[in-house]
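Okay, structure first, notes after.
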2 protein chains.
Amino acid sequence: MHPDQIARVRDFNRFYTQRLGVLTDDYLGRDRPLGQARLLFEIGAGCDVRDLRERLGLDSGYLSRMLRALADQQLITVRAHPRDGRVRVAELTAAGHRERAELDRLSDAGIAALLDNLSAAQREQFLDAQARVRRLLRLAGVRIAAVPADDRAARDCLRRYAAELGTRFPEGYDPATLTAPADVDGTLLLATEDDRPAGCGLWVRHGTAAEIRHLWITPAARGIGLGRRLLRALEDDAAGHLITTVRLGTHSALTEAIALYRASGYHEIADYGASKYNQITFEKTVQSPQSS
Amino acid sequence: MHPDQIARVRDFNRFYTQRLGVLTDDYLGRDRPLGQARLLFEIGAGCDVRDLRERLGLDSGYLSRMLRALADQQLITVRAHPRDGRVRVAELTAAGHRERAELDRLSDAGIAALLDNLSAAQREQFLDAQARVRRLLRLAGVRIAAVPADDRAARDCLRRYAAELGTRFPEGYDPATLTAPADVDGTLLLATEDDRPAGCGLWVRHGTAAEIRHLWITPAARGIGLGRRLLRALEDDAAGHLITTVRLGTHSALTEAIALYRASGYHEIADYGASKYNQITFEKTVQSPQSS
DNA sequence: GACATTCTCTGACCTGAGTCAGGGAACGCG
DNA sequence: CGCGTTCCCTGACTCAGGTCAGAGAATGTC
């Protein structure tokens with residue numbers, strides 16, 4: 001990687017935070033500490049203090065004081081939970097709702113004033129570029145790592161994978177045909193985004209060939225190019241274990257998967273009889289990735 | 001503008017700041033308050049305390065204490081200015097340079113680790129999209145406003161404009177041929193980016209026609225589409241003053257200007273004899289902008 | 001030389017953000 | 001009922017960031 005690229009990213013970050021600072025100073029608006037403004041948003045249509053603490057990761061004492069401050073300003077009320085006297089529930093008052101809407105409005109107005117200086121086409125370009133930055137940043141932020149066969153999150157992914165296939169295959173899907181990761185010679189890879197599972201996949205050794213199975217991306221992580229990255233990671237991992245050929249099969253109902261395999265350099269081969277659900281099968285030769 | 005667009009921008013901002021937070025937590029690194037780390041960067045190869053205060057917009061007392069703290073850590077030295085005993089000069093010590101390089105390294109490492117998860121093509125796409133976001137954000141952030149004929153910043157722009165033409169025209173440029181904004185019926189527009197001049201331009205009434213003159217963008221603000229925006233602003237302003245036709249002329253050496261005029265809907269006309277430097281002249285009919 | 005100005009530093013504050021220890025009320029369970 | 005647990009509040013801190021009012025030294029200006 002060029003050091004120049006890193007410098008460009010840093011430069012962009014500096015620029016963007018500065019611009020953002022200008023915007024959010026407006027948005028912060030009426031003399032309210034940031035913490036309290038955040039609370040106002042989070043409370044929304046009322047919620048347990050306990051949940052707030054959890055969601056925002058705040059100290060209970062700290063939160064307690066901030067809630068009190070908001071209550072003193074008549075923006076929220078804090079009451080005991082109807083069924084559990086220990087738990088307290090915070091709710092916006094009418095004034096609180098107004099205040100929240102006002103903050104929203106200020107924030108929107110700042111952005112609107114900015115976007116207003118652009119033509120409609122430029123606005124579209126801007127949003128499009130932002131979306132692209134975001135997609136790639138999400139993709140880059142995903143961690144892919146080999147996990148033991150009994151990893152809870154990976155198991156969970158496989159379960160959800162099977163459930164989805166059950167709804168997408170006209171003939172349904174029998175979860176019993178899932179490859180048990182513990183039984184095979186190969187690697188189970190788990191992709192995580194912010195410590196939450198984003199996908200999984202595994203390869204199974206057959207001599208110097210490997211079969212890739214159960215490549216799956218969680219719905220929340222689709223559309224950012226993770227399938228391709230995870231597939232590549234599986235190939236690289238297999239190649240690192242002296243595999244020279246990988247193959248895989250899929251169901252004709254999974255059109256996006258088929259497109260992915262074709263775009264990733266796989267060519268169609270005759271069925272090799274691994275699964276009754278395979279309606280189309282592919283193969284690709286791989287080599288150990290050179291460290292750049 | 002769609003409210004949806006605003007929501008998308010807000011969403012992106014939220015996402016980006018969160019990601020940035022994760023990165024800069026690393027970068028902040030070794031137990032140094034953010035303010036001090038920023039100072040370490042800004043001081044760079046030594047600079048006046050006065051300049052630091054100016055650039056970072058800090059209170060003199062606050063800055064003084066932070067400098068002292070850095071000096072106590074042996075990261076900088078503060079000495080009197082050689083020629084002005086009131087002014088003090090801050091310089092990094094060897095240890096300061098090392099520390100700064102280390103912060104740099106940490107920051108770079110975080111970004112590098114992230115970019116490393118992308119393919120070379122994706123990295124290029126990412127940087128490209130960032131650059132696009134930045135360009136458009138800069139463009140949107142520029143303020144364009146009518147200023148009185150004796151506005152200092154506008155005068156300054158005109159001077160710099162004349163100086164640039166002097167170097168770009170083979171025959172040179174006589175500053176005396178500049179239109180004096182005070183003498184004409186029309187509007188002088190000044191573009192500013194973060195309160196610094198970014199460009200200027202004016203139009204001069206000739207009945208229901210107007211001539212646009214001295215459209216100029218500072219070198220620092222070029223390449224973001226500001227020329228087009230400023231030209232448009234001049235047309236709109238003129239149209240708002242009952243002008244129906246605008247014309248302008250330019251020198252054949254200014255190829256980017258010619259391209260701009262063509263792309264903005266101007267068509268070539270015969271020379272109307274406004275300036276001896278006009279080698280090509282254009283015209284366009286305009287109408288008062290409808291408020292959207 | 002007198003005087004205003006410029007630049008820096010010091011001391012005294014304030015605020016927001018956050019941590020930590022402990023206490024008291026309510027609950028769940030045996 | 002007794003007991004541990006959960007949830008919350010209070011009080012007492014710490015720290016970074018930042019403001020404000022001067023004081024003091026150096027400089028520029030008349």
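Labeling convention for the structure tokens: chains A, B, ... as they appear, residues from 1 per chain, ligands from 1 in order of appearance.
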Can you give chain B as a compact mmCIF listing (two decimals) with C-alpha atoms, in the first residue's frame after you superpose it on chain A, pairing all C-alpha atoms in order for the least-squares fit?
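Saved to out_4.txt:
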# COMPACT_ATOMS: atom_id res chain seq x y z
CA MET B 1 0.07 0.29 0.19
CA HIS B 2 1.28 3.78 -0.65
CA PRO B 3 1.96 5.98 2.38
CA ASP B 4 0.33 8.59 0.23
CA GLN B 5 -3.00 6.78 0.51
CA ILE B 6 -2.79 6.85 4.28
CA ALA B 7 -2.00 10.53 4.22
CA ARG B 8 -5.03 11.15 2.03
CA VAL B 9 -7.29 9.34 4.44
CA ARG B 10 -5.89 11.25 7.39
CA ASP B 11 -6.35 14.45 5.51
CA PHE B 12 -9.93 13.62 4.74
CA ASN B 13 -10.58 12.74 8.36
CA ARG B 14 -9.17 16.03 9.54
CA PHE B 15 -11.22 17.92 7.02
CA TYR B 16 -14.40 16.04 7.75
CA THR B 17 -14.24 16.33 11.50
CA GLN B 18 -13.64 20.02 11.22
CA ARG B 19 -16.66 20.45 8.96
CA LEU B 20 -18.69 18.23 11.20
CA GLY B 21 -17.67 20.28 14.19
CA VAL B 22 -19.06 23.37 12.56
CA LEU B 23 -22.32 21.60 11.84
CA THR B 24 -22.78 20.00 15.21
CA ASP B 25 -22.01 23.19 17.07
CA ASP B 26 -25.19 24.50 15.54
CA TYR B 27 -27.00 21.31 16.18
CA LEU B 28 -25.94 21.13 19.77
CA GLY B 29 -27.81 24.38 19.95
CA ARG B 30 -29.42 25.32 23.18
CA ASP B 31 -26.87 25.07 26.00
CA ARG B 32 -27.32 21.39 26.48
CA PRO B 33 -24.34 19.24 27.28
CA LEU B 34 -23.69 16.82 24.48
CA GLY B 35 -24.31 13.80 26.69
CA GLN B 36 -27.80 14.95 27.56
CA ALA B 37 -28.65 15.74 23.95
CA ARG B 38 -27.54 12.26 22.95
CA LEU B 39 -29.71 10.77 25.64
CA LEU B 40 -32.70 12.71 24.41
CA PHE B 41 -32.24 11.09 21.03
CA GLU B 42 -31.60 7.62 22.32
CA ILE B 43 -34.57 7.54 24.63
CA GLY B 44 -36.87 8.18 21.73
CA ALA B 45 -40.19 6.54 22.39
CA GLY B 46 -39.22 5.39 25.86
CA CYS B 47 -36.87 2.64 26.87
CA ASP B 48 -35.37 0.81 29.81
CA VAL B 49 -32.55 2.54 31.61
CA ARG B 50 -30.74 -0.77 31.44
CA ASP B 51 -30.87 -0.73 27.65
CA LEU B 52 -29.65 2.83 27.53
CA ARG B 53 -26.66 1.93 29.63
CA GLU B 54 -25.93 -0.98 27.37
CA ARG B 55 -26.35 0.89 24.13
CA LEU B 56 -24.34 3.95 25.08
CA GLY B 57 -21.86 2.10 27.24
CA LEU B 58 -22.31 4.46 30.16
CA ASP B 59 -21.53 4.10 33.82
CA SER B 60 -24.71 3.53 35.78
CA GLY B 61 -24.00 6.39 38.17
CA TYR B 62 -23.24 8.79 35.38
CA LEU B 63 -26.34 7.82 33.45
CA SER B 64 -28.45 8.11 36.55
CA ARG B 65 -27.34 11.68 37.12
CA MET B 66 -27.91 12.68 33.51
CA LEU B 67 -31.40 11.22 33.58
CA ARG B 68 -32.05 13.15 36.75
CA ALA B 69 -30.89 16.36 35.11
CA LEU B 70 -33.23 15.77 32.17
CA ALA B 71 -36.04 14.93 34.55
CA ASP B 72 -35.40 18.17 36.45
CA GLN B 73 -35.82 20.02 33.17
CA GLN B 74 -39.17 18.25 32.73
CA LEU B 75 -37.95 16.70 29.51
CA ILE B 76 -38.32 13.11 30.58
CA THR B 77 -39.98 11.04 33.26
CA VAL B 78 -38.41 8.00 34.85
CA ARG B 79 -40.76 5.36 36.19
CA ALA B 80 -40.46 1.83 37.46
CA HIS B 81 -40.91 -0.94 34.95
CA PRO B 82 -44.45 -2.34 35.16
CA ARG B 83 -43.29 -5.94 35.52
CA ASP B 84 -39.83 -5.67 37.07
CA GLY B 85 -39.57 -3.21 39.92
CA ARG B 86 -35.78 -3.04 39.72
CA VAL B 87 -35.75 -1.78 36.17
CA ARG B 88 -36.64 1.82 35.42
CA VAL B 89 -38.08 3.17 32.24
CA ALA B 90 -37.35 6.60 30.79
CA GLU B 91 -39.88 8.36 28.61
CA LEU B 92 -39.94 11.70 26.90
CA THR B 93 -42.51 14.16 28.14
CA ALA B 94 -44.37 16.36 25.69
CA ALA B 95 -41.75 19.04 26.31
CA GLY B 96 -39.08 16.42 25.72
CA HIS B 97 -40.53 15.53 22.37
CA ARG B 98 -40.66 19.19 21.44
CA GLU B 99 -37.06 19.71 22.47
CA ARG B 100 -35.95 16.68 20.55
CA ALA B 101 -37.81 17.81 17.47
CA GLU B 102 -36.18 21.20 17.82
CA LEU B 103 -32.70 19.69 17.98
CA ASP B 104 -33.61 17.61 14.98
CA ARG B 105 -34.78 20.66 13.14
CA LEU B 106 -31.60 22.59 13.89
CA SER B 107 -29.47 19.72 12.77
CA ASP B 108 -31.48 19.28 9.60
CA ALA B 109 -31.43 22.98 8.89
CA GLY B 110 -27.65 23.05 9.00
CA ILE B 111 -27.37 20.19 6.56
CA ALA B 112 -30.13 21.54 4.36
CA ALA B 113 -28.43 24.93 4.14
CA LEU B 114 -25.28 23.20 3.03
CA LEU B 115 -26.91 20.90 0.48
CA ASP B 116 -28.88 23.83 -0.83
CA ASN B 117 -25.73 25.23 -2.32
CA LEU B 118 -25.43 22.25 -4.61
CA SER B 119 -27.37 21.46 -7.74
CA ALA B 120 -29.67 18.47 -7.65
CA ALA B 121 -27.16 16.45 -9.63
CA GLN B 122 -24.34 17.41 -7.31
CA ARG B 123 -26.42 16.45 -4.31
CA GLU B 124 -26.96 13.05 -5.82
CA GLN B 125 -23.26 12.71 -6.50
CA PHE B 126 -22.51 13.74 -2.95
CA LEU B 127 -24.87 11.22 -1.40
CA ASP B 128 -23.63 8.58 -3.74
CA ALA B 129 -20.01 9.21 -2.81
CA GLN B 130 -20.90 9.19 0.88
CA ALA B 131 -22.67 5.89 0.48
CA ARG B 132 -19.62 4.49 -1.26
CA VAL B 133 -17.29 5.66 1.47
CA ARG B 134 -19.54 4.12 4.01
CA ARG B 135 -19.88 0.79 2.27
CA LEU B 136 -16.17 0.41 1.87
CA LEU B 137 -15.48 1.55 5.39
CA ARG B 138 -17.91 -0.99 6.71
CA LEU B 139 -16.34 -3.67 4.59
CA ALA B 140 -12.86 -2.73 5.78
CA GLY B 141 -14.01 -2.75 9.37
CA VAL B 142 -15.21 -6.34 9.30
CA ARG B 143 -12.88 -8.79 11.00
CA ILE B 144 -12.55 -12.29 9.63
CA ALA B 145 -10.99 -14.93 11.82
CA ALA B 146 -10.86 -18.69 12.17
CA VAL B 147 -12.88 -19.87 15.14
CA PRO B 148 -13.14 -23.22 16.90
CA ALA B 149 -15.91 -25.53 15.78
CA ASP B 150 -17.93 -24.89 18.89
CA ASP B 151 -17.89 -21.10 18.64
CA ARG B 152 -21.27 -19.82 19.75
CA ALA B 153 -21.57 -16.97 17.29
CA ALA B 154 -20.58 -19.21 14.38
CA ARG B 155 -23.11 -21.85 15.43
CA ASP B 156 -25.68 -19.13 15.57
CA CYS B 157 -24.83 -18.02 12.06
CA LEU B 158 -25.16 -21.56 10.77
CA ARG B 159 -28.55 -21.88 12.40
CA ARG B 160 -29.74 -18.65 10.83
CA TYR B 161 -28.27 -19.75 7.51
CA ALA B 162 -30.26 -22.97 7.62
CA ALA B 163 -33.40 -21.09 8.57
CA GLU B 164 -33.00 -18.74 5.63
CA LEU B 165 -32.43 -21.56 3.18
CA GLY B 166 -35.60 -23.15 4.53
CA THR B 167 -37.57 -20.14 3.35
CA ARG B 168 -35.72 -19.65 0.08
CA PHE B 169 -35.65 -23.18 -1.30
CA PRO B 170 -39.02 -24.20 -2.71
CA GLU B 171 -38.42 -27.67 -1.33
CA GLY B 172 -37.33 -26.33 2.08
CA TYR B 173 -34.05 -27.13 3.78
CA ASP B 174 -33.24 -29.85 6.26
CA PRO B 175 -30.95 -28.43 8.98
CA ALA B 176 -29.56 -31.93 9.50
CA THR B 177 -27.67 -31.62 6.21
CA LEU B 178 -25.53 -28.83 7.67
CA THR B 179 -21.89 -29.79 7.91
CA ALA B 180 -20.95 -30.01 11.58
CA PRO B 181 -17.76 -27.99 11.89
CA ALA B 182 -16.45 -30.29 14.58
CA ASP B 183 -16.49 -33.32 12.29
CA VAL B 184 -14.36 -32.05 9.45
CA ASP B 185 -10.79 -31.30 8.54
CA GLY B 186 -10.88 -27.67 7.50
CA THR B 187 -11.45 -24.19 8.83
CA LEU B 188 -14.49 -22.37 10.08
CA LEU B 189 -14.27 -18.63 9.47
CA LEU B 190 -16.39 -16.07 11.25
CA ALA B 191 -16.81 -12.48 10.11
CA THR B 192 -17.63 -9.91 12.76
CA GLU B 193 -18.54 -6.26 12.49
CA ASP B 194 -18.13 -4.34 15.75
CA ASP B 195 -18.05 -7.63 17.62
CA ARG B 196 -21.35 -8.74 16.14
CA PRO B 197 -21.49 -11.68 13.76
CA ALA B 198 -21.64 -10.62 10.13
CA GLY B 199 -21.25 -13.92 8.37
CA CYS B 200 -19.58 -17.30 8.29
CA GLY B 201 -18.26 -19.99 5.99
CA LEU B 202 -16.09 -23.07 6.13
CA TRP B 203 -14.01 -25.29 3.93
CA VAL B 204 -13.61 -29.06 4.19
CA ARG B 205 -10.55 -30.98 3.03
CA HIS B 206 -10.81 -33.73 0.43
CA GLY B 207 -7.16 -34.53 -0.26
CA THR B 208 -5.64 -31.53 -2.04
CA ALA B 209 -9.09 -30.23 -2.88
CA ALA B 210 -11.46 -28.48 -0.56
CA GLU B 211 -15.15 -27.87 -0.59
CA ILE B 212 -16.40 -24.48 0.56
CA ARG B 213 -19.72 -24.71 2.34
CA HIS B 214 -22.21 -22.58 4.16
CA LEU B 215 -20.94 -19.24 3.04
CA TRP B 216 -23.46 -16.86 4.51
CA ILE B 217 -23.72 -13.15 5.27
CA THR B 218 -26.16 -11.74 7.80
CA PRO B 219 -28.86 -9.59 6.23
CA ALA B 220 -27.51 -6.54 8.06
CA ALA B 221 -24.09 -6.97 6.44
CA ARG B 222 -25.23 -7.53 2.88
CA GLY B 223 -24.51 -5.17 0.05
CA ILE B 224 -21.07 -4.12 1.21
CA GLY B 225 -19.06 -6.75 -0.67
CA LEU B 226 -18.48 -8.95 2.31
CA GLY B 227 -19.46 -12.16 0.54
CA ARG B 228 -16.62 -11.69 -1.87
CA ARG B 229 -14.18 -10.89 0.89
CA LEU B 230 -15.18 -13.85 2.97
CA LEU B 231 -15.00 -16.18 -0.01
CA ARG B 232 -11.53 -14.88 -0.72
CA ALA B 233 -10.54 -15.40 2.89
CA LEU B 234 -11.72 -19.01 2.72
CA GLU B 235 -9.74 -19.61 -0.47
CA ASP B 236 -6.62 -18.05 1.03
CA ASP B 237 -6.96 -20.02 4.22
CA ALA B 238 -7.43 -23.26 2.29
CA ALA B 239 -4.50 -22.48 0.02
CA GLY B 240 -2.42 -21.88 3.10
CA HIS B 241 -3.24 -25.45 4.08
CA LEU B 242 -1.90 -26.94 0.85
CA ILE B 243 -5.21 -26.95 -0.96
CA THR B 244 -4.91 -26.38 -4.70
CA THR B 245 -8.50 -26.65 -5.83
CA VAL B 246 -11.68 -25.44 -4.21
CA ARG B 247 -15.13 -26.39 -5.28
CA LEU B 248 -18.59 -25.52 -4.12
CA GLY B 249 -22.16 -25.97 -5.10
CA THR B 250 -25.31 -24.02 -4.63
CA HIS B 251 -28.99 -23.95 -5.31
CA SER B 252 -30.35 -22.21 -8.38
CA ALA B 253 -32.58 -20.13 -6.12
CA LEU B 254 -29.51 -18.32 -4.76
CA THR B 255 -28.88 -16.11 -7.74
CA GLU B 256 -26.67 -13.62 -5.92
CA ALA B 257 -24.42 -16.46 -4.75
CA ILE B 258 -24.10 -17.79 -8.27
CA ALA B 259 -23.22 -14.34 -9.55
CA LEU B 260 -20.62 -14.02 -6.80
CA TYR B 261 -18.95 -17.29 -7.71
CA ARG B 262 -18.83 -16.46 -11.39
CA ALA B 263 -17.40 -13.02 -10.65
CA SER B 264 -14.81 -14.56 -8.35
CA GLY B 265 -13.29 -16.71 -11.05
CA TYR B 266 -15.17 -19.97 -10.55
CA HIS B 267 -16.15 -22.07 -13.52
CA GLU B 268 -18.96 -24.52 -13.65
CA ILE B 269 -18.21 -28.23 -13.28
CA ALA B 270 -20.24 -31.40 -13.17
CA ASP B 271 -21.99 -32.16 -9.90
CA TYR B 272 -19.68 -33.96 -7.50
CA GLY B 273 -22.48 -35.28 -5.36
CA ALA B 274 -21.89 -33.46 -2.10
CA SER B 275 -25.39 -32.30 -1.36
CA LYS B 276 -28.84 -32.95 -2.67
CA TYR B 277 -29.42 -29.20 -2.69
CA ASN B 278 -26.60 -28.49 -5.13
CA GLN B 279 -28.11 -27.63 -8.48
CA ILE B 280 -25.02 -25.97 -9.84
CA THR B 281 -21.41 -26.64 -8.94
CA PHE B 282 -18.22 -24.68 -9.43
CA GLU B 283 -14.49 -25.08 -9.14
CA LYS B 284 -11.46 -22.83 -8.98
CA THR B 285 -7.74 -23.42 -8.58
CA VAL B 286 -6.14 -21.41 -5.83
CA GLN B 287 -2.65 -20.64 -4.71
CA SER B 288 -1.21 -19.51 -1.48
CA PRO B 289 -1.45 -15.74 -1.19
CA GLN B 290 1.87 -13.96 -1.48
CA SER B 291 2.41 -11.46 1.26
CA SER B 292 2.62 -8.07 -0.38
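DSSP, applied to the backbone of this structure, assigns strand (DSSP E) to the following residues of segment 226-281 of chain B: Thr245, Val246, Arg247, Leu248, Gly249, Thr250, His267, Glu268, Ile269, Ile280 and Thr281 of chain B.
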- Between atom C1' of DA12 of chain D and atom C1' of DG18 of chain C - distance in Å to one decimal: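 Taking atom C1' of DG18 of chain C and atom C1' of DA12 of chain D, their separation equals 13.1 Å.
Residues of chain C having any atom within 10 Å of chain B, counting only C-alpha atoms (C1' of nucleotides), are DT6, DC7, DT8, DC9 and DT10 of chain C.
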Could you write out the selected residues, including N, CA and C atoms (P, O5', C5', C4', C3', O3' and C1' of nucleotides), as a PDB file, in the first residue's frame?
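The result, written out as out_13.pdb:
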ATOM      1  P    DT C   6      -1.938  46.386  19.589  1.00  0.00           P
ATOM      2  O5'  DT C   6      -0.799  45.337  19.949  1.00  0.00           O
ATOM      3  C5'  DT C   6       0.492  45.502  19.382  1.00  0.00           C
ATOM      4  C4'  DT C   6       1.388  44.382  19.872  1.00  0.00           C
ATOM      5  C3'  DT C   6       0.730  43.003  19.862  1.00  0.00           C
ATOM      6  O3'  DT C   6       1.646  42.096  19.275  1.00  0.00           O
ATOM      7  C1'  DT C   6       1.646  43.452  21.989  1.00  0.00           C
ATOM      8  P    DC C   7       1.206  40.604  18.868  1.00  0.00           P
ATOM      9  O5'  DC C   7       1.745  39.768  20.098  1.00  0.00           O
ATOM     10  C5'  DC C   7       3.154  39.689  20.302  1.00  0.00           C
ATOM     11  C4'  DC C   7       3.412  39.020  21.631  1.00  0.00           C
ATOM     12  C3'  DC C   7       2.667  37.700  21.838  1.00  0.00           C
ATOM     13  O3'  DC C   7       3.626  36.651  21.856  1.00  0.00           O
ATOM     14  C1'  DC C   7       2.626  39.079  23.780  1.00  0.00           C
ATOM     15  P    DT C   8       3.169  35.143  22.012  1.00  0.00           P
ATOM     16  O5'  DT C   8       3.279  34.931  23.579  1.00  0.00           O
ATOM     17  C5'  DT C   8       4.535  35.169  24.189  1.00  0.00           C
ATOM     18  C4'  DT C   8       4.394  35.156  25.691  1.00  0.00           C
ATOM     19  C3'  DT C   8       3.827  33.865  26.273  1.00  0.00           C
ATOM     20  O3'  DT C   8       4.885  33.238  26.988  1.00  0.00           O
ATOM     21  C1'  DT C   8       2.926  35.801  27.327  1.00  0.00           C
ATOM     22  P    DC C   9       4.670  31.797  27.611  1.00  0.00           P
ATOM     23  O5'  DC C   9       4.195  32.127  29.098  1.00  0.00           O
ATOM     24  C5'  DC C   9       5.070  32.854  29.949  1.00  0.00           C
ATOM     25  C4'  DC C   9       4.311  33.284  31.191  1.00  0.00           C
ATOM     26  C3'  DC C   9       3.699  32.120  31.987  1.00  0.00           C
ATOM     27  O3'  DC C   9       4.342  32.062  33.248  1.00  0.00           O
ATOM     28  C1'  DC C   9       2.177  33.958  31.739  1.00  0.00           C
ATOM     29  P    DT C  10       4.051  30.791  34.175  1.00  0.00           P
ATOM     30  O5'  DT C  10       3.019  31.351  35.251  1.00  0.00           O
ATOM     31  C5'  DT C  10       3.248  32.625  35.853  1.00  0.00           C
ATOM     32  C4'  DT C  10       2.050  32.984  36.704  1.00  0.00           C
ATOM     33  C3'  DT C  10       1.405  31.808  37.431  1.00  0.00           C
ATOM     34  O3'  DT C  10       1.503  32.041  38.825  1.00  0.00           O
ATOM     35  C1'  DT C  10      -0.229  33.158  36.330  1.00  0.00           C
TER      36       DT C  10
END
